[in-house]
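Engineer: Dropping in protein_20.cif, which is mmCIF, C-alpha atoms:
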data_data
loop_
_atom_site.group_PDB
_atom_site.id
_atom_site.type_symbol
_atom_site.label_atom_id
_atom_site.label_comp_id
_atom_site.auth_asym_id
_atom_site.auth_seq_id
_atom_site.Cartn_x
_atom_site.Cartn_y
_atom_site.Cartn_z
ATOM 1 C CA MET A 1 74.968 30.588 -81.236
ATOM 2 C CA GLY A 2 72.120 32.857 -82.310
ATOM 3 C CA PHE A 3 70.343 35.542 -80.364
ATOM 4 C CA PHE A 4 67.357 33.290 -79.571
ATOM 5 C CA ALA A 5 69.554 30.494 -78.241
ATOM 6 C CA ARG A 6 71.542 32.885 -76.025
ATOM 7 C CA SER A 7 68.321 34.458 -74.708
ATOM 8 C CA ALA A 8 66.745 31.065 -74.028
ATOM 9 C CA ARG A 9 69.883 29.865 -72.246
ATOM 10 C CA ALA A 10 70.032 33.045 -70.110
ATOM 11 C CA ALA A 11 66.343 32.691 -69.238
ATOM 12 C CA TRP A 12 66.861 29.023 -68.300
ATOM 13 C CA GLN A 13 69.811 29.878 -66.036
ATOM 14 C CA ALA A 14 67.885 32.730 -64.404
ATOM 15 C CA SER A 15 64.869 30.478 -63.754
ATOM 16 C CA GLN A 16 67.116 27.784 -62.232
ATOM 17 C CA THR A 17 68.672 30.360 -59.915
ATOM 18 C CA ALA A 18 65.230 31.645 -58.949
ATOM 19 C CA VAL A 19 63.999 28.124 -58.190
ATOM 20 C CA PHE A 20 67.099 27.278 -56.153
ATOM 21 C CA VAL A 21 66.563 30.453 -54.093
ATOM 22 C CA ALA A 22 62.750 30.593 -53.955
ATOM 23 C CA VAL A 23 62.033 26.980 -52.975
ATOM 24 C CA PRO A 24 64.402 26.825 -49.961
ATOM 25 C CA THR A 25 63.259 30.309 -48.879
ATOM 26 C CA ALA A 26 59.588 29.289 -49.068
ATOM 27 C CA CYS A 27 60.326 26.094 -47.106
ATOM 28 C CA PHE A 28 62.203 28.070 -44.454
ATOM 29 C CA VAL A 29 59.386 30.635 -44.092
ATOM 30 C CA HIS A 30 56.763 27.860 -43.889
ATOM 31 C CA THR A 31 58.749 26.028 -41.206
ATOM 32 C CA VAL A 32 59.261 29.180 -39.134
ATOM 33 C CA PHE A 33 55.591 30.232 -39.345
ATOM 34 C CA ASP A 34 54.226 26.759 -38.572
ATOM 35 C CA TYR A 35 56.702 25.634 -35.914
ATOM 36 C CA ALA A 36 58.339 28.694 -34.337
ATOM 37 C CA GLY A 37 56.013 31.678 -34.559
ATOM 38 C CA GLU A 38 54.808 34.558 -36.618
ATOM 39 C CA ILE A 39 54.020 38.242 -36.548
ATOM 40 C CA ALA A 40 50.340 38.908 -37.266
ATOM 41 C CA PRO A 41 48.066 41.964 -37.156
ATOM 42 C CA SER A 42 45.233 42.448 -34.694
ATOM 43 C CA MET A 43 41.750 43.431 -35.816
ATOM 44 C CA GLY A 44 38.557 44.195 -33.951
ATOM 45 C CA PRO A 45 37.509 45.621 -30.594
ATOM 46 C CA SER A 46 37.202 42.404 -28.556
ATOM 47 C CA MET A 47 40.593 42.753 -26.830
ATOM 48 C CA LEU A 48 40.439 46.477 -26.016
ATOM 49 C CA PRO A 49 42.205 47.961 -24.061
ATOM 50 C CA THR A 50 44.941 45.274 -24.023
ATOM 51 C CA ILE A 51 45.359 45.228 -27.805
ATOM 52 C CA GLY A 52 44.488 48.037 -30.206
ATOM 53 C CA MET A 53 41.491 47.738 -32.498
ATOM 54 C CA MET A 54 43.432 47.865 -35.788
ATOM 55 C CA GLY A 55 47.043 47.593 -36.730
ATOM 56 C CA ASP A 56 48.881 46.249 -33.673
ATOM 57 C CA LEU A 57 51.422 43.683 -34.867
ATOM 58 C CA LEU A 58 51.661 40.768 -32.452
ATOM 59 C CA LEU A 59 54.407 38.193 -31.873
ATOM 60 C CA ILE A 60 52.824 34.727 -31.737
ATOM 61 C CA GLU A 61 54.695 31.730 -30.303
ATOM 62 C CA ARG A 62 54.467 28.228 -31.761
ATOM 63 C CA LEU A 63 57.685 26.713 -30.420
ATOM 64 C CA PRO A 64 57.494 23.036 -29.486
ATOM 65 C CA GLY A 65 55.639 22.522 -26.223
ATOM 66 C CA TRP A 66 53.807 25.869 -26.240
ATOM 67 C CA ARG A 67 50.456 24.144 -25.549
ATOM 68 C CA ARG A 68 51.921 22.590 -22.382
ATOM 69 C CA ARG A 69 53.004 26.078 -21.251
ATOM 70 C CA LEU A 70 49.517 27.523 -21.830
ATOM 71 C CA ARG A 71 48.076 29.006 -18.609
ATOM 72 C CA VAL A 72 44.902 30.774 -17.538
ATOM 73 C CA GLY A 73 45.425 34.437 -18.392
ATOM 74 C CA ASP A 74 47.496 33.867 -21.553
ATOM 75 C CA LEU A 75 46.448 35.468 -24.838
ATOM 76 C CA VAL A 76 45.995 33.046 -27.733
ATOM 77 C CA VAL A 77 45.217 33.047 -31.445
ATOM 78 C CA TYR A 78 42.602 30.490 -32.482
ATOM 79 C CA HIS A 79 40.376 29.535 -35.407
ATOM 80 C CA SER A 80 36.767 30.573 -34.832
ATOM 81 C CA PRO A 81 34.478 27.534 -34.385
ATOM 82 C CA ALA A 82 31.780 29.376 -36.381
ATOM 83 C CA ASP A 83 34.127 30.343 -39.258
ATOM 84 C CA PRO A 84 37.341 28.249 -39.374
ATOM 85 C CA GLY A 85 38.843 30.605 -41.966
ATOM 86 C CA ARG A 86 38.751 33.461 -39.439
ATOM 87 C CA ARG A 87 41.362 33.781 -36.697
ATOM 88 C CA ALA A 88 40.717 35.630 -33.458
ATOM 89 C CA ILE A 89 42.636 36.590 -30.317
ATOM 90 C CA LYS A 90 41.224 35.963 -26.843
ATOM 91 C CA ARG A 91 42.364 35.362 -23.272
ATOM 92 C CA VAL A 92 42.335 31.894 -21.692
ATOM 93 C CA LEU A 93 39.999 32.088 -18.692
ATOM 94 C CA GLY A 94 39.614 28.379 -18.016
ATOM 95 C CA ALA A 95 41.456 25.121 -18.688
ATOM 96 C CA ALA A 96 40.457 21.449 -18.498
ATOM 97 C CA GLY A 97 38.716 20.645 -15.210
ATOM 98 C CA ASP A 98 38.009 24.282 -14.239
ATOM 99 C CA VAL A 99 34.471 25.290 -13.312
ATOM 100 C CA LEU A 100 33.525 28.838 -14.202
ATOM 101 C CA CYS A 101 30.586 31.132 -14.678
ATOM 102 C CA VAL A 102 29.465 31.323 -18.304
ATOM 103 C CA ASP A 103 28.457 35.004 -18.111
ATOM 104 C CA PRO A 104 28.688 36.824 -14.777
ATOM 105 C CA THR A 105 26.833 39.852 -16.218
ATOM 106 C CA ARG A 106 23.528 37.940 -16.555
ATOM 107 C CA ASP A 107 20.815 37.715 -13.894
ATOM 108 C CA ARG A 108 20.693 33.898 -14.053
ATOM 109 C CA LEU A 109 24.165 32.502 -13.475
ATOM 110 C CA ALA A 110 25.155 29.279 -15.221
ATOM 111 C CA TYR A 111 28.354 27.339 -14.619
ATOM 112 C CA VAL A 112 30.317 25.051 -16.907
ATOM 113 C CA GLN A 113 33.126 22.566 -16.311
ATOM 114 C CA ILE A 114 35.779 22.702 -19.022
ATOM 115 C CA PRO A 115 36.272 19.242 -20.574
ATOM 116 C CA ARG A 116 39.668 17.670 -21.198
ATOM 117 C CA GLY A 117 41.372 19.021 -24.325
ATOM 118 C CA HIS A 118 39.445 22.308 -24.242
ATOM 119 C CA VAL A 119 39.866 25.881 -22.978
ATOM 120 C CA TRP A 120 37.477 28.731 -22.178
ATOM 121 C CA LEU A 121 38.349 31.882 -24.153
ATOM 122 C CA GLN A 122 36.991 35.391 -23.650
ATOM 123 C CA GLY A 123 37.834 38.831 -24.946
ATOM 124 C CA ASP A 124 38.928 41.569 -22.535
ATOM 125 C CA ASN A 125 36.149 43.809 -23.895
ATOM 126 C CA TYR A 126 33.244 41.686 -22.593
ATOM 127 C CA SER A 127 30.522 43.863 -24.131
ATOM 128 C CA ASN A 128 31.988 43.539 -27.640
ATOM 129 C CA SER A 129 33.384 40.021 -27.917
ATOM 130 C CA THR A 130 32.081 36.796 -29.440
ATOM 131 C CA ASP A 131 33.833 34.053 -27.517
ATOM 132 C CA SER A 132 33.252 30.952 -25.369
ATOM 133 C CA ARG A 133 30.125 32.554 -23.951
ATOM 134 C CA ALA A 134 28.625 31.964 -27.420
ATOM 135 C CA TYR A 135 30.602 28.874 -28.564
ATOM 136 C CA GLY A 136 31.213 27.053 -25.302
ATOM 137 C CA PRO A 137 34.608 25.495 -24.529
ATOM 138 C CA ILE A 138 37.043 25.680 -27.478
ATOM 139 C CA PRO A 139 39.012 22.551 -28.508
ATOM 140 C CA LEU A 140 42.775 22.993 -28.089
ATOM 141 C CA ALA A 141 43.151 21.824 -31.700
ATOM 142 C CA LEU A 142 41.694 25.191 -32.814
ATOM 143 C CA VAL A 143 44.232 27.178 -30.778
ATOM 144 C CA ARG A 144 47.092 28.167 -33.122
ATOM 145 C CA GLY A 145 49.547 30.006 -30.887
ATOM 146 C CA ARG A 146 50.266 32.027 -27.762
ATOM 147 C CA VAL A 147 50.573 35.813 -28.068
ATOM 148 C CA LEU A 148 53.791 36.995 -26.389
ATOM 149 C CA ALA A 149 54.157 40.656 -27.309
ATOM 150 C CA CYS A 150 53.029 43.618 -29.342
ATOM 151 C CA VAL A 151 55.891 44.543 -31.678
ATOM 152 C CA TRP A 152 54.314 47.627 -33.300
ATOM 153 C CA PRO A 153 53.278 50.491 -32.873
ATOM 154 C CA SER A 154 54.187 50.479 -29.165
ATOM 155 C CA PRO A 155 56.480 47.489 -28.468
ATOM 156 C CA ARG A 156 55.680 45.769 -25.165
ATOM 157 C CA TRP A 157 55.416 42.318 -23.635
ATOM 158 C CA LEU A 158 51.866 41.108 -23.030
ATOM 159 C CA PRO A 159 52.382 39.332 -19.716
ATOM 160 C CA ASN A 160 49.932 37.015 -18.031
ATOM 161 C CA ASN A 161 48.814 39.121 -15.083
ATOM 162 C CA VAL A 162 45.579 37.322 -14.224
ATOM 163 C CA GLU A 163 45.021 36.586 -10.543
ATOM 164 C CA ILE A 164 43.129 33.361 -9.923
ATOM 165 C CA ILE A 165 40.674 33.550 -7.029
ATOM 166 C CA PRO A 166 39.659 30.050 -5.944
ATOM 167 C CA GLY A 167 36.081 29.479 -4.885
ATOM 168 C CA TYR A 168 33.411 26.876 -4.335
ATOM 169 C CA PHE A 169 30.273 27.023 -6.459
ATOM 170 C CA GLY A 170 28.563 23.765 -5.529
ATOM 171 C CA ALA A 171 25.183 23.434 -3.806
ATOM 172 C CA ASP A 172 25.251 23.416 -0.009
#
For this file, produce the structure as structure tokens.

Structural biologist:
Amino acid sequence: MGFFARSARAAWQASQTAVFVAVPTACFVHTVFDYAGEIAPSMGPSMLPTIGMMGDLLLIERLPGWRRRLRVGDLVVYHSPADPGRRAIKRVLGAAGDVLCVDPTRDRLAYVQIPRGHVWLQGDNYSNSTDSRAYGPIPLALVRGRVLACVWPSPRWLPNNVEIIPGYFGAD
């Protein structure tokens, strides 16, 4: 067997090994990221002071049933309705059936009832966040996962510590 034949055979065996390792690895990574969770970076000031402006790595849950466990006060990752290629992180402030004030910082208060299959999302940094106050209620189909923890640079759980204060906002 000549040099070319030996080289071609070695290259073929190496490529087969690479395929048999790369394909299952890629399938495993895809399955984990789509159905279990992921670690993703944060960017932007909308969630200050809860999450840093740049570089915090966040643990995002996508285990089966996570949407059923979603509660007011949870942090979520979602696709922006204005730019579906852009993901953002916000806090759930309202779920289906809730009535809440669109923007309590305005002089004229407006209220909205969250329709079925939607949530109301807002950033913790109200003055620097584009959220449901601009988009309205967000369809649950755009919500991609629930943020559980910051894993770097300062590891910590990001618990849901929102206190719900019931009230009546109807006309007397």

Engineer: Quick one: apply the PyMOL selection byres ((chain A and resi 40) around 8) to the file and drop the selected residues here as an NGL selection string.

Structural biologist: :A and (38-39 or 41-42 or 57-60)

Engineer: By how many Å are CA of Val112 in chain A and CA of Leu148 in chain A apart?

Structural biologist: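 Atom-to-atom, CA of Val112 in chain A to CA of Leu148 in chain A, that is 28.0 Å.
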
Engineer: Grab the CA of Asp56 in chain A to CA of Cys27 in chain A distance for me, in Å with one decimal place.

Structural biologist: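 Here the two named atoms are 26.8 Å from each other.
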
Engineer: If I take CA of Phe33 in chain A and CA of Arg62 in chain A, how far is one from the other in Å, to one decimal?

Structural biologist: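 Going from CA of Phe33 in chain A over to CA of Arg62 in chain A, I get 7.9 Å.
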
Engineer: Identify which of the residues A:Gly85, A:Pro49, A:Gly97, A:Gly37 lies closest to Val119 in chain A, counting only C-alpha atoms when measuring atom-to-atom distances.

Structural biologist: A:Gly97

Engineer: Considering only C-alpha atoms, return as a list in words whatever protein or nucleic-acid residues lie within 12 Å of Ser80 in chain A, sequence-local ones (same chain, fewer than 3 positions apart) excluded.

Structural biologist: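 Listing them by chain and then by number gives Val76, Val77, Asp83, Pro84, Gly85, Arg86, Arg87, Ala88, Ile89, Lys90, Leu121, Thr130, Asp131, Ser132, Ala134, Tyr135, Gly136, Pro137, Ile138, Pro139, Leu140, Ala141, Leu142, Val143 and Arg144 of chain A.
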
Engineer: Give me the result of the PyMOL selection byres ((chain A and resi 91) around 12) on this file, residue by residue, as a PyMOL selection string.

Structural biologist: chain A and resi 46-48+50-51+70-78+88-90+92-95+119-126+129+131-132+138+143+145-148+158-162

Engineer: Export, as a compact mmCIF listing (two decimals), keeping the file's coordinate frame, the selected residues with C-alpha atoms.

Structural biologist:
# COMPACT_ATOMS: atom_id res chain seq x y z
CA SER A 46 37.20 42.40 -28.56
CA MET A 47 40.59 42.75 -26.83
CA LEU A 48 40.44 46.48 -26.02
CA THR A 50 44.94 45.27 -24.02
CA ILE A 51 45.36 45.23 -27.80
CA LEU A 70 49.52 27.52 -21.83
CA ARG A 71 48.08 29.01 -18.61
CA VAL A 72 44.90 30.77 -17.54
CA GLY A 73 45.42 34.44 -18.39
CA ASP A 74 47.50 33.87 -21.55
CA LEU A 75 46.45 35.47 -24.84
CA VAL A 76 46.00 33.05 -27.73
CA VAL A 77 45.22 33.05 -31.44
CA TYR A 78 42.60 30.49 -32.48
CA ALA A 88 40.72 35.63 -33.46
CA ILE A 89 42.64 36.59 -30.32
CA LYS A 90 41.22 35.96 -26.84
CA VAL A 92 42.34 31.89 -21.69
CA LEU A 93 40.00 32.09 -18.69
CA GLY A 94 39.61 28.38 -18.02
CA ALA A 95 41.46 25.12 -18.69
CA VAL A 119 39.87 25.88 -22.98
CA TRP A 120 37.48 28.73 -22.18
CA LEU A 121 38.35 31.88 -24.15
CA GLN A 122 36.99 35.39 -23.65
CA GLY A 123 37.83 38.83 -24.95
CA ASP A 124 38.93 41.57 -22.54
CA ASN A 125 36.15 43.81 -23.90
CA TYR A 126 33.24 41.69 -22.59
CA SER A 129 33.38 40.02 -27.92
CA ASP A 131 33.83 34.05 -27.52
CA SER A 132 33.25 30.95 -25.37
CA ILE A 138 37.04 25.68 -27.48
CA VAL A 143 44.23 27.18 -30.78
CA GLY A 145 49.55 30.01 -30.89
CA ARG A 146 50.27 32.03 -27.76
CA VAL A 147 50.57 35.81 -28.07
CA LEU A 148 53.79 36.99 -26.39
CA LEU A 158 51.87 41.11 -23.03
CA PRO A 159 52.38 39.33 -19.72
CA ASN A 160 49.93 37.02 -18.03
CA ASN A 161 48.81 39.12 -15.08
CA VAL A 162 45.58 37.32 -14.22

Engineer: Kindly indicate which residue among A:Trp157, A:Ser127, A:Ile165, A:Trp152 lies nearest to Gly52 in chain A, using only C-alpha atoms for the distances.

Structural biologist: A:Trp152

Engineer: Show me, as AutoDock Vina command-line options, the centre and edge lengths in Å to one decimal of the axis-aligned box that covers every listed atom of range 14-32 of chain A with 5 Å on each side.

Structural biologist:
--center_x 62.7 --center_y 29.4 --center_z -51.8 --size_x 21.9 --size_y 16.7 --size_z 35.3

Engineer: Point out the residue among A:Val21, A:Arg9, A:Asp34, A:Arg106 with the least atom-to-atom distance to Glu61 in chain A, counting all atoms listed in the file.

Structural biologist: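 Of the candidates, the smallest distance to Glu61 in chain A is held by A:Asp34.
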
Engineer: Taking into account all atoms listed in the file, which residue in the set A:His79, A:Ile164, A:Ala26, A:Ser154 is nearest to Leu100 in chain A?

Structural biologist: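 So, comparing all the options, the nearest one is A:Ile164.
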